[in-house]
>>> print(open('start.txt').read())   # compact mmCIF, C-alpha atoms
# COMPACT_ATOMS: atom_id res chain seq x y z
CA MET A 1 82.62 131.65 130.87
CA GLY A 2 78.80 131.78 130.84
CA SER A 3 78.84 135.32 129.43
CA GLU A 4 81.10 134.17 126.58
CA GLU A 5 78.83 131.23 125.76
CA GLU A 6 75.68 133.35 125.56
CA PRO A 7 76.59 135.30 122.36
CA SER A 8 77.78 132.13 120.62
CA GLN A 9 74.62 130.26 121.57
CA MET A 10 72.47 133.19 120.44
CA ARG A 11 74.43 133.43 117.20
CA ARG A 12 73.83 129.74 116.65
CA ALA A 13 70.10 130.20 117.27
CA LEU A 14 69.99 133.06 114.75
CA VAL A 15 71.86 131.00 112.16
CA ASP A 16 69.47 128.10 112.76
CA SER A 17 66.45 130.37 112.37
CA LEU A 18 67.87 131.87 109.15
CA ALA A 19 68.57 128.41 107.77
CA GLY A 20 65.06 127.35 108.77
CA ALA A 21 63.56 130.39 107.06
CA ILE A 22 65.44 129.73 103.80
CA SER A 23 64.69 125.99 103.75
CA GLY A 24 61.10 126.71 104.75
CA GLY A 25 60.76 129.20 101.91
CA ILE A 26 62.01 126.61 99.42
CA SER A 27 59.72 123.88 100.75
CA ARG A 28 56.74 126.27 100.81
CA THR A 29 57.33 127.17 97.16
CA VAL A 30 57.56 123.50 96.18
CA THR A 31 54.42 122.57 98.11
CA SER A 32 52.43 125.69 97.15
CA PRO A 33 50.02 123.73 94.88
CA LEU A 34 49.00 121.57 97.84
CA ASP A 35 48.58 124.66 100.01
CA VAL A 36 46.34 126.30 97.41
CA LEU A 37 44.20 123.16 97.20
CA LYS A 38 43.95 122.99 100.99
CA ILE A 39 42.83 126.62 101.26
CA ARG A 40 40.26 126.23 98.46
CA PHE A 41 38.67 123.30 100.29
CA GLN A 42 38.83 125.07 103.66
CA VAL A 43 37.01 128.20 102.51
CA GLN A 44 34.42 126.36 100.41
CA LEU A 45 31.12 126.48 102.29
CA GLU A 46 29.59 123.57 100.39
CA PRO A 47 30.60 120.08 101.60
CA THR A 48 32.78 117.81 99.48
CA ALA A 49 31.44 114.53 100.89
CA SER A 50 29.08 112.55 98.70
CA TRP A 51 26.19 112.84 101.18
CA GLY A 52 26.48 116.62 101.05
CA VAL A 53 26.53 116.71 97.26
CA LEU A 54 23.28 114.71 97.22
CA ARG A 55 21.57 117.40 99.33
CA ARG A 56 22.11 120.27 96.94
CA ASP A 57 18.75 121.75 97.92
CA VAL A 58 20.37 122.60 101.25
CA TYR A 59 23.98 123.35 100.35
CA GLY A 60 24.04 124.21 96.66
CA PRO A 61 26.50 122.71 94.17
CA SER A 62 30.11 122.26 95.31
CA LYS A 63 32.81 123.69 93.07
CA TYR A 64 35.47 121.34 94.41
CA THR A 65 34.54 117.75 95.26
CA GLY A 66 37.91 116.00 95.30
CA LEU A 67 41.65 116.53 94.92
CA LEU A 68 41.86 115.31 91.32
CA GLN A 69 38.77 117.24 90.24
CA ALA A 70 39.97 120.42 91.97
CA THR A 71 43.42 120.10 90.39
CA LYS A 72 41.90 119.74 86.92
CA ASP A 73 39.56 122.70 87.47
CA ILE A 74 42.31 125.04 88.68
CA LEU A 75 44.60 123.98 85.83
CA ARG A 76 41.86 124.53 83.23
CA GLU A 77 40.59 127.86 84.60
CA GLU A 78 43.78 129.47 85.93
CA GLY A 79 46.66 127.59 84.36
CA LEU A 80 49.81 126.53 86.24
CA PRO A 81 50.27 129.97 87.90
CA GLY A 82 47.01 129.34 89.76
CA PHE A 83 48.79 126.78 91.94
CA TRP A 84 51.21 129.46 93.14
CA ARG A 85 48.69 132.16 93.98
CA GLY A 86 49.62 133.82 97.25
CA ASN A 87 53.13 132.36 97.23
CA VAL A 88 54.88 135.75 97.40
CA PRO A 89 53.11 136.91 100.59
CA ALA A 90 53.55 133.35 101.93
CA LEU A 91 57.32 133.68 101.51
CA LEU A 92 57.30 137.19 102.97
CA MET A 93 55.35 135.79 105.91
CA TYR A 94 57.53 132.75 106.45
CA MET A 95 60.84 134.62 106.74
CA PRO A 96 59.94 136.90 109.68
CA TYR A 97 57.67 134.23 111.19
CA THR A 98 60.48 131.67 111.45
CA ALA A 99 63.07 134.20 112.63
CA ILE A 100 60.78 135.59 115.35
CA GLN A 101 59.55 132.15 116.40
CA PHE A 102 62.94 130.54 116.90
CA THR A 103 64.52 133.62 118.48
CA VAL A 104 61.69 134.00 121.01
CA LEU A 105 61.64 130.25 121.63
CA HIS A 106 65.38 130.23 122.35
CA LYS A 107 65.05 133.20 124.71
CA LEU A 108 62.13 131.62 126.59
CA LYS A 109 63.87 128.28 126.96
CA THR A 110 67.06 130.02 128.08
CA PHE A 111 65.09 131.90 130.73
CA ALA A 112 63.23 128.78 131.87
CA SER A 113 66.30 126.53 132.02
CA GLY A 114 68.81 129.13 133.21
CA SER A 115 71.17 128.13 130.40
CA SER A 116 71.59 129.20 126.78
CA LYS A 117 72.87 125.76 125.75
CA THR A 118 70.47 123.96 123.43
CA GLU A 119 71.20 120.58 125.04
CA ASP A 120 70.09 121.93 128.43
CA HIS A 121 66.73 122.95 126.96
CA LEU A 122 65.82 119.26 126.54
CA HIS A 123 65.70 118.90 130.31
CA LEU A 124 62.76 121.31 130.54
CA SER A 125 59.48 119.80 131.66
CA PRO A 126 57.00 119.02 128.86
CA TYR A 127 54.71 121.70 130.31
CA LEU A 128 57.36 124.42 129.88
CA SER A 129 58.15 123.18 126.36
CA TYR A 130 54.48 123.50 125.38
CA VAL A 131 54.13 126.96 126.94
CA SER A 132 57.37 128.22 125.34
CA GLY A 133 56.26 126.98 121.93
CA ALA A 134 52.82 128.57 122.28
CA LEU A 135 54.23 131.97 123.29
CA ALA A 136 56.82 131.89 120.49
CA GLY A 137 54.07 131.04 118.00
CA CYS A 138 51.96 133.96 119.21
CA ALA A 139 54.86 136.41 118.87
CA ALA A 140 55.68 135.16 115.36
CA THR A 141 52.02 135.30 114.28
CA ILE A 142 51.55 138.90 115.42
CA GLY A 143 54.79 139.95 113.72
CA SER A 144 53.95 138.43 110.34
CA TYR A 145 50.14 138.31 110.28
CA PRO A 146 49.41 140.80 107.43
CA PHE A 147 51.34 138.57 105.01
CA ASP A 148 49.38 135.52 106.23
CA LEU A 149 46.12 137.36 105.58
CA LEU A 150 47.18 138.41 102.07
CA ARG A 151 48.39 134.87 101.31
CA THR A 152 45.03 133.36 102.27
CA ILE A 153 43.01 135.93 100.32
CA LEU A 154 45.05 135.53 97.12
CA ALA A 155 45.28 131.72 97.31
CA SER A 156 41.54 131.29 97.95
CA GLN A 157 40.29 133.29 94.97
CA GLY A 158 39.54 131.54 91.72
CA GLU A 159 38.30 133.11 88.52
CA PRO A 160 37.32 135.89 88.18
CA LYS A 161 39.92 137.34 90.51
CA VAL A 162 38.97 139.83 93.18
CA TYR A 163 42.58 141.02 93.49
CA PRO A 164 45.07 140.60 90.63
CA ASN A 165 48.12 140.82 92.90
CA MET A 166 49.34 141.38 96.45
CA ARG A 167 49.68 145.15 96.03
CA SER A 168 46.06 145.62 94.94
CA ALA A 169 44.82 143.52 97.87
CA PHE A 170 46.97 145.48 100.33
CA VAL A 171 45.85 148.88 99.01
CA ASP A 172 42.17 147.93 98.95
CA ILE A 173 42.21 146.54 102.52
CA VAL A 174 43.98 149.62 103.91
CA LYS A 175 41.68 151.97 101.95
CA THR A 176 38.41 150.30 103.00
CA ARG A 177 39.25 149.07 106.51
CA GLY A 178 42.35 150.96 107.56
CA VAL A 179 45.58 149.47 108.87
CA GLN A 180 43.60 147.42 111.39
CA GLY A 181 42.07 145.62 108.42
CA LEU A 182 45.43 143.92 107.88
CA TYR A 183 44.86 142.19 111.23
CA SER A 184 41.34 141.00 110.46
CA GLY A 185 40.94 137.49 111.84
CA LEU A 186 43.91 137.79 114.20
CA SER A 187 41.93 136.62 117.24
CA PRO A 188 40.86 133.24 115.77
CA THR A 189 44.38 132.89 114.37
CA LEU A 190 45.86 133.23 117.86
CA VAL A 191 43.28 130.77 119.18
CA GLU A 192 44.59 128.32 116.56
CA ILE A 193 48.30 129.05 116.91
CA ILE A 194 48.46 128.65 120.71
CA PRO A 195 47.59 124.93 120.74
CA TYR A 196 49.28 124.33 117.36
CA ALA A 197 52.68 125.83 118.21
CA GLY A 198 52.51 124.43 121.73
CA LEU A 199 51.82 120.92 120.46
CA GLN A 200 54.39 121.23 117.66
CA PHE A 201 57.35 122.20 119.82
CA GLY A 202 56.24 120.39 122.95
CA SER A 203 55.69 117.08 121.17
CA TYR A 204 58.92 117.55 119.19
CA ASP A 205 60.92 117.86 122.41
CA THR A 206 59.04 114.86 123.84
CA PHE A 207 59.73 112.74 120.76
CA LYS A 208 63.37 113.81 120.78
CA ARG A 209 63.80 112.86 124.44
CA SER A 210 62.19 109.49 123.71
CA MET A 211 64.57 108.95 120.80
CA MET A 212 67.56 109.74 123.03
CA THR A 213 66.27 107.27 125.63
CA TRP A 214 65.93 104.65 122.89
CA ASN A 215 69.49 105.30 121.71
CA ARG A 216 70.83 104.88 125.26
CA TYR A 217 68.91 101.63 125.62
CA LYS A 218 70.06 100.38 122.23
CA TYR A 219 73.75 101.05 122.89
CA SER A 220 73.74 99.75 126.48
CA HIS A 221 71.66 96.59 126.01
CA LEU A 222 72.61 95.50 122.52
CA ASN A 223 76.37 95.54 123.15
CA LEU A 224 77.15 98.04 120.42
CA GLY A 225 80.23 99.27 122.24
CA SER A 226 79.01 102.82 122.92
CA GLU A 227 76.57 104.72 125.12
CA ASP A 228 76.12 107.66 122.78
CA ASP A 229 72.56 109.01 122.95
CA SER A 230 72.95 111.65 120.23
CA VAL A 231 70.09 111.82 117.73
CA SER A 232 70.81 111.26 114.04
CA SER A 233 69.55 113.55 111.28
CA PHE A 234 67.06 110.89 110.19
CA GLN A 235 65.76 110.54 113.74
CA LEU A 236 65.36 114.32 113.98
CA PHE A 237 63.41 114.19 110.71
CA LEU A 238 61.12 111.52 112.16
CA CYS A 239 60.59 113.60 115.32
CA GLY A 240 59.76 116.70 113.27
CA PHE A 241 57.49 114.76 110.92
CA ALA A 242 55.58 113.16 113.80
CA ALA A 243 55.27 116.43 115.74
CA GLY A 244 54.13 118.37 112.68
CA THR A 245 51.59 115.74 111.62
CA PHE A 246 50.17 115.42 115.13
CA SER A 247 49.82 119.16 115.73
CA LYS A 248 48.35 119.84 112.26
CA ALA A 249 45.77 117.06 112.57
CA ALA A 250 44.76 118.13 116.08
CA CYS A 251 44.35 121.82 115.19
CA HIS A 252 42.96 121.55 111.64
CA PRO A 253 39.37 122.52 112.62
CA LEU A 254 40.70 125.74 114.16
CA ASP A 255 42.67 126.40 110.96
CA VAL A 256 39.45 126.10 108.92
CA VAL A 257 37.76 128.66 111.18
CA LYS A 258 40.75 131.00 110.82
CA LYS A 259 40.67 130.81 107.02
CA ARG A 260 36.92 131.53 106.96
CA PHE A 261 37.45 134.67 109.04
CA GLN A 262 40.31 135.83 106.81
CA CYS A 263 38.35 135.36 103.60
CA ARG A 264 35.47 137.58 104.74
CA LEU A 265 37.50 140.51 103.38
CA LYS A 266 36.84 139.31 99.81
CA ASP A 267 33.09 139.61 100.21
>>> encode(input="start.txt", output="structure tokens")
Amino acid sequence: MGSEEEPSQMRRALVDSLAGAISGGISRTVTSPLDVLKIRFQVQLEPTASWGVLRRDVYGPSKYTGLLQATKDILREEGLPGFWRGNVPALLMYMPYTAIQFTVLHKLKTFASGSSKTEDHLHLSPYLSYVSGALAGCAATIGSYPFDLLRTILASQGEPKVYPNMRSAFVDIVKTRGVQGLYSGLSPTLVEIIPYAGLQFGSYDTFKRSMMTWNRYKYSHLNLGSEDDSVSSFQLFLCGFAAGTFSKAACHPLDVVKKRFQCRLKD
């Protein structure tokens, strides 16, 4: 019986990862302008705060000082396509990243819990959830890193462009630094992804367990005639939103360091 369930559970995990990759690709395309703005601010050495702008003798003038000002500048200098710079390598990165991440995560949780059933994975200790998420994030990062590097380089450049497209950036990096150049900045990226992916998946499982506990309490104490603890789609959205926000906020400084390392290739 267990051997029959394993392929179906694995098939379900693969379908989920494919669906996640497609939906993630769509959402990444829609939110690309925000991603470009984020990267421009992250790689800008000059501060955007008003106190930093006042000390221009130390820092020099800042190109971007606020979201509205940066949006106007990019639109004026680069047009609408400027907000989608680096989107192609971002999509090429996201597909394998999501597939590798969820496949490895499912395998690790199956090994740790002794069951391939997704519902059994919720009974893992928070520690194992964090470790599984961190290892899955590392595997996905290594498997898709060249596209992440190209995305950051293309999205961070303004006018005049250093690289007109992804192909020119790829060829120049390989020609000047070799294949290993495509993995420039991998070490700080792994330093960032370990806590980020660990917090993302670990906190998601924690929030989901808390939501299930709340549902059991609600149905048993409020006389709703059922003891169903299943989590609704909206509750799953809240869990994902909270986990993503928490992990992003906690690891943002490491993300800034990663982007600075990646953008050294432009200099």
>>> atom_distance(input="start.txt", atom1="CA of Ser115 (chain A)", atom2="CA of Pro195 (chain A)")
25.7 Å
>>> closest_atom_pairs(input="start.txt", of="region 144-257 of chain A", to="region 80-88 of chain A", cutoff="12 Å", atoms="only C-alpha atoms", output="JSON lines")
{"residue": "A:Phe147", "atom": "CA", "partner": "A:Val88", "partner_atom": "CA", "distance": 8.9}
{"residue": "A:Asp148", "atom": "CA", "partner": "A:Gly86", "partner_atom": "CA", "distance": 9.1}
{"residue": "A:Leu149", "atom": "CA", "partner": "A:Gly86", "partner_atom": "CA", "distance": 9.7}
{"residue": "A:Leu150", "atom": "CA", "partner": "A:Gly86", "partner_atom": "CA", "distance": 7.1}
{"residue": "A:Arg151", "atom": "CA", "partner": "A:Gly86", "partner_atom": "CA", "distance": 4.4}
{"residue": "A:Thr152", "atom": "CA", "partner": "A:Gly86", "partner_atom": "CA", "distance": 6.8}
{"residue": "A:Ile153", "atom": "CA", "partner": "A:Gly86", "partner_atom": "CA", "distance": 7.6}
{"residue": "A:Leu154", "atom": "CA", "partner": "A:Gly86", "partner_atom": "CA", "distance": 4.9}
{"residue": "A:Ala155", "atom": "CA", "partner": "A:Arg85", "partner_atom": "CA", "distance": 4.8}
{"residue": "A:Ser156", "atom": "CA", "partner": "A:Arg85", "partner_atom": "CA", "distance": 8.2}
{"residue": "A:Gln157", "atom": "CA", "partner": "A:Arg85", "partner_atom": "CA", "distance": 8.5}
{"residue": "A:Gly158", "atom": "CA", "partner": "A:Gly82", "partner_atom": "CA", "distance": 8.0}
{"residue": "A:Glu159", "atom": "CA", "partner": "A:Gly82", "partner_atom": "CA", "distance": 9.6}
{"residue": "A:Pro160", "atom": "CA", "partner": "A:Gly82", "partner_atom": "CA", "distance": 11.8}
{"residue": "A:Lys161", "atom": "CA", "partner": "A:Gly82", "partner_atom": "CA", "distance": 10.7}
{"residue": "A:Tyr163", "atom": "CA", "partner": "A:Gly86", "partner_atom": "CA", "distance": 10.7}
{"residue": "A:Pro164", "atom": "CA", "partner": "A:Arg85", "partner_atom": "CA", "distance": 9.8}
{"residue": "A:Asn165", "atom": "CA", "partner": "A:Gly86", "partner_atom": "CA", "distance": 8.4}
{"residue": "A:Met166", "atom": "CA", "partner": "A:Gly86", "partner_atom": "CA", "distance": 7.6}
{"residue": "A:Arg167", "atom": "CA", "partner": "A:Val88", "partner_atom": "CA", "distance": 10.8}
{"residue": "A:Ala169", "atom": "CA", "partner": "A:Gly86", "partner_atom": "CA", "distance": 10.8}
>>> axis_aligned_box(input="start.txt", around="region 132-147 of chain A", padding_each_side="6 Å", output="JSON")
{"center_x": 53.4, "center_y": 133.9, "center_z": 115.2, "size_x": 20.0, "size_y": 25.8, "size_z": 32.3}
>>> atom_distance(input="start.txt", atom1="CA of Pro47 (chain A)", atom2="CA of Ser187 (chain A)")
25.4 Å
>>> atom_distance(input="start.txt", atom1="CA of Asp73 (chain A)", atom2="CA of Lys258 (chain A)")
24.8 Å
>>> closest_residue(input="start.txt", among="A:Leu45, A:Ala90, A:Pro253, A:Ser62", to="Arg28 (chain A)", atoms="all atoms listed in the file")
A:Ala90
>>> residues_around(input="start.txt", residues="region 205-213 of chain A", least_positions_apart="2", cutoff="9 Å", atoms="all atoms listed in the file", output="ChimeraX atom specification")
/A:121-123,126,129,200-203,215-218,228-231,235-236,238-240,242-243
>>> residues_around(input="start.txt", residues="Leu105 (chain A)", least_positions_apart="2", cutoff="7 Å", atoms="all atoms listed in the file", output="list in words")
Gln101, Phe102, Thr103, Lys107, Leu108, Lys109, Ser132, Gly133 and Ala136 of chain A
>>> closest_residue(input="start.txt", among="A:Phe246, A:Leu199, A:Leu37, A:His106", to="Tyr130 (chain A)", atoms="all atoms listed in the file")
A:Leu199
>>> closest_residue(input="start.txt", among="A:Leu92, A:Val131, A:Val171, A:Ile193", to="Ser144 (chain A)", atoms="only C-alpha atoms")
A:Leu92
>>> decode(input="start.txt", residues="region 155-168 of chain A", atoms="all heavy atoms", output="PDB file, in the first residue's frame")
ATOM      1  N   ALA A 155      18.846  44.019 -14.363  1.00  0.00           N
ATOM      2  CA  ALA A 155      17.861  44.879 -13.704  1.00  0.00           C
ATOM      3  C   ALA A 155      18.503  46.083 -13.029  1.00  0.00           C
ATOM      4  O   ALA A 155      17.860  47.124 -12.867  1.00  0.00           O
ATOM      5  CB  ALA A 155      17.076  44.071 -12.674  1.00  0.00           C
ATOM      6  N   SER A 156      19.776  45.959 -12.640  1.00  0.00           N
ATOM      7  CA  SER A 156      20.434  47.039 -11.896  1.00  0.00           C
ATOM      8  C   SER A 156      20.995  48.129 -12.787  1.00  0.00           C
ATOM      9  O   SER A 156      21.263  49.235 -12.321  1.00  0.00           O
ATOM     10  CB  SER A 156      21.569  46.463 -11.034  1.00  0.00           C
ATOM     11  OG  SER A 156      22.588  45.907 -11.854  1.00  0.00           O
ATOM     12  N   GLN A 157      21.185  47.838 -14.071  1.00  0.00           N
ATOM     13  CA  GLN A 157      21.820  48.826 -14.946  1.00  0.00           C
ATOM     14  C   GLN A 157      20.803  49.828 -15.486  1.00  0.00           C
ATOM     15  O   GLN A 157      19.709  49.473 -15.893  1.00  0.00           O
ATOM     16  CB  GLN A 157      22.551  48.130 -16.100  1.00  0.00           C
ATOM     17  CG  GLN A 157      21.665  47.316 -17.009  1.00  0.00           C
ATOM     18  CD  GLN A 157      22.447  46.654 -18.133  1.00  0.00           C
ATOM     19  OE1 GLN A 157      23.661  46.754 -18.220  1.00  0.00           O
ATOM     20  NE2 GLN A 157      21.732  45.984 -19.018  1.00  0.00           N
ATOM     21  N   GLY A 158      21.202  51.087 -15.436  1.00  0.00           N
ATOM     22  CA  GLY A 158      20.364  52.136 -16.010  1.00  0.00           C
ATOM     23  C   GLY A 158      20.862  52.483 -17.397  1.00  0.00           C
ATOM     24  O   GLY A 158      21.242  51.620 -18.169  1.00  0.00           O
ATOM     25  N   GLU A 159      20.873  53.770 -17.678  1.00  0.00           N
ATOM     26  CA  GLU A 159      21.411  54.246 -18.958  1.00  0.00           C
ATOM     27  C   GLU A 159      22.720  54.983 -18.722  1.00  0.00           C
ATOM     28  O   GLU A 159      22.825  55.768 -17.781  1.00  0.00           O
ATOM     29  CB  GLU A 159      20.405  55.168 -19.645  1.00  0.00           C
ATOM     30  CG  GLU A 159      19.137  54.481 -20.109  1.00  0.00           C
ATOM     31  CD  GLU A 159      19.364  53.526 -21.264  1.00  0.00           C
ATOM     32  OE1 GLU A 159      20.425  53.623 -21.920  1.00  0.00           O
ATOM     33  OE2 GLU A 159      18.490  52.682 -21.503  1.00  0.00           O
ATOM     34  N   PRO A 160      23.754  54.774 -19.517  1.00  0.00           N
ATOM     35  CA  PRO A 160      23.814  53.846 -20.651  1.00  0.00           C
ATOM     36  C   PRO A 160      23.974  52.404 -20.178  1.00  0.00           C
ATOM     37  O   PRO A 160      24.568  52.139 -19.142  1.00  0.00           O
ATOM     38  CB  PRO A 160      25.057  54.321 -21.414  1.00  0.00           C
ATOM     39  CG  PRO A 160      25.934  54.901 -20.341  1.00  0.00           C
ATOM     40  CD  PRO A 160      25.010  55.546 -19.354  1.00  0.00           C
ATOM     41  N   LYS A 161      23.446  51.485 -20.970  1.00  0.00           N
ATOM     42  CA  LYS A 161      23.500  50.078 -20.613  1.00  0.00           C
ATOM     43  C   LYS A 161      24.922  49.533 -20.747  1.00  0.00           C
ATOM     44  O   LYS A 161      25.651  49.891 -21.671  1.00  0.00           O
ATOM     45  CB  LYS A 161      22.587  49.261 -21.529  1.00  0.00           C
ATOM     46  CG  LYS A 161      21.119  49.612 -21.447  1.00  0.00           C
ATOM     47  CD  LYS A 161      20.329  48.779 -22.452  1.00  0.00           C
ATOM     48  CE  LYS A 161      18.868  49.170 -22.480  1.00  0.00           C
ATOM     49  NZ  LYS A 161      18.118  48.391 -23.498  1.00  0.00           N
ATOM     50  N   VAL A 162      25.256  48.636 -19.817  1.00  0.00           N
ATOM     51  CA  VAL A 162      26.504  47.890 -19.943  1.00  0.00           C
ATOM     52  C   VAL A 162      26.277  46.696 -20.862  1.00  0.00           C
ATOM     53  O   VAL A 162      27.095  46.401 -21.740  1.00  0.00           O
ATOM     54  CB  VAL A 162      27.002  47.417 -18.567  1.00  0.00           C
ATOM     55  CG1 VAL A 162      28.292  46.602 -18.705  1.00  0.00           C
ATOM     56  CG2 VAL A 162      27.231  48.607 -17.646  1.00  0.00           C
ATOM     57  N   TYR A 163      25.137  46.026 -20.670  1.00  0.00           N
ATOM     58  CA  TYR A 163      24.767  44.872 -21.495  1.00  0.00           C
ATOM     59  C   TYR A 163      23.386  45.119 -22.099  1.00  0.00           C
ATOM     60  O   TYR A 163      22.425  45.383 -21.364  1.00  0.00           O
ATOM     61  CB  TYR A 163      24.734  43.591 -20.669  1.00  0.00           C
ATOM     62  CG  TYR A 163      26.042  43.253 -19.996  1.00  0.00           C
ATOM     63  CD1 TYR A 163      26.158  43.299 -18.612  1.00  0.00           C
ATOM     64  CD2 TYR A 163      27.152  42.883 -20.742  1.00  0.00           C
ATOM     65  CE1 TYR A 163      27.370  42.987 -17.982  1.00  0.00           C
ATOM     66  CE2 TYR A 163      28.357  42.574 -20.126  1.00  0.00           C
ATOM     67  CZ  TYR A 163      28.454  42.625 -18.745  1.00  0.00           C
ATOM     68  OH  TYR A 163      29.643  42.316 -18.130  1.00  0.00           O
ATOM     69  N   PRO A 164      23.249  45.045 -23.418  1.00  0.00           N
ATOM     70  CA  PRO A 164      21.942  45.287 -24.035  1.00  0.00           C
ATOM     71  C   PRO A 164      20.938  44.169 -23.810  1.00  0.00           C
ATOM     72  O   PRO A 164      19.728  44.390 -23.858  1.00  0.00           O
ATOM     73  CB  PRO A 164      22.277  45.438 -25.524  1.00  0.00           C
ATOM     74  CG  PRO A 164      23.550  44.670 -25.699  1.00  0.00           C
ATOM     75  CD  PRO A 164      24.308  44.843 -24.424  1.00  0.00           C
ATOM     76  N   ASN A 165      21.421  42.941 -23.591  1.00  0.00           N
ATOM     77  CA  ASN A 165      20.502  41.816 -23.400  1.00  0.00           C
ATOM     78  C   ASN A 165      21.194  40.704 -22.605  1.00  0.00           C
ATOM     79  O   ASN A 165      22.382  40.797 -22.279  1.00  0.00           O
ATOM     80  CB  ASN A 165      20.008  41.282 -24.752  1.00  0.00           C
ATOM     81  CG  ASN A 165      21.151  40.995 -25.721  1.00  0.00           C
ATOM     82  OD1 ASN A 165      22.112  40.301 -25.382  1.00  0.00           O
ATOM     83  ND2 ASN A 165      21.056  41.550 -26.928  1.00  0.00           N
ATOM     84  N   MET A 166      20.436  39.652 -22.327  1.00  0.00           N
ATOM     85  CA  MET A 166      20.943  38.546 -21.515  1.00  0.00           C
ATOM     86  C   MET A 166      22.086  37.818 -22.210  1.00  0.00           C
ATOM     87  O   MET A 166      23.064  37.427 -21.569  1.00  0.00           O
ATOM     88  CB  MET A 166      19.810  37.560 -21.207  1.00  0.00           C
ATOM     89  CG  MET A 166      20.219  36.420 -20.285  1.00  0.00           C
ATOM     90  SD  MET A 166      18.844  35.319 -19.885  1.00  0.00           S
ATOM     91  CE  MET A 166      18.583  34.516 -21.473  1.00  0.00           C
ATOM     92  N   ARG A 167      21.986  37.646 -23.531  1.00  0.00           N
ATOM     93  CA  ARG A 167      23.015  36.918 -24.264  1.00  0.00           C
ATOM     94  C   ARG A 167      24.359  37.634 -24.179  1.00  0.00           C
ATOM     95  O   ARG A 167      25.411  36.995 -23.962  1.00  0.00           O
ATOM     96  CB  ARG A 167      22.605  36.753 -25.729  1.00  0.00           C
ATOM     97  CG  ARG A 167      23.610  35.978 -26.572  1.00  0.00           C
ATOM     98  CD  ARG A 167      23.131  35.840 -28.018  1.00  0.00           C
ATOM     99  NE  ARG A 167      24.126  35.152 -28.840  1.00  0.00           N
ATOM    100  CZ  ARG A 167      25.198  35.726 -29.371  1.00  0.00           C
ATOM    101  NH1 ARG A 167      25.411  37.030 -29.167  1.00  0.00           N
ATOM    102  NH2 ARG A 167      26.042  35.038 -30.103  1.00  0.00           N
ATOM    103  N   SER A 168      24.359  38.946 -24.355  1.00  0.00           N
ATOM    104  CA  SER A 168      25.619  39.697 -24.308  1.00  0.00           C
ATOM    105  C   SER A 168      26.245  39.628 -22.915  1.00  0.00           C
ATOM    106  O   SER A 168      27.469  39.527 -22.781  1.00  0.00           O
ATOM    107  CB  SER A 168      25.387  41.150 -24.717  1.00  0.00           C
ATOM    108  OG  SER A 168      24.570  41.819 -23.778  1.00  0.00           O
TER     109      SER A 168
END
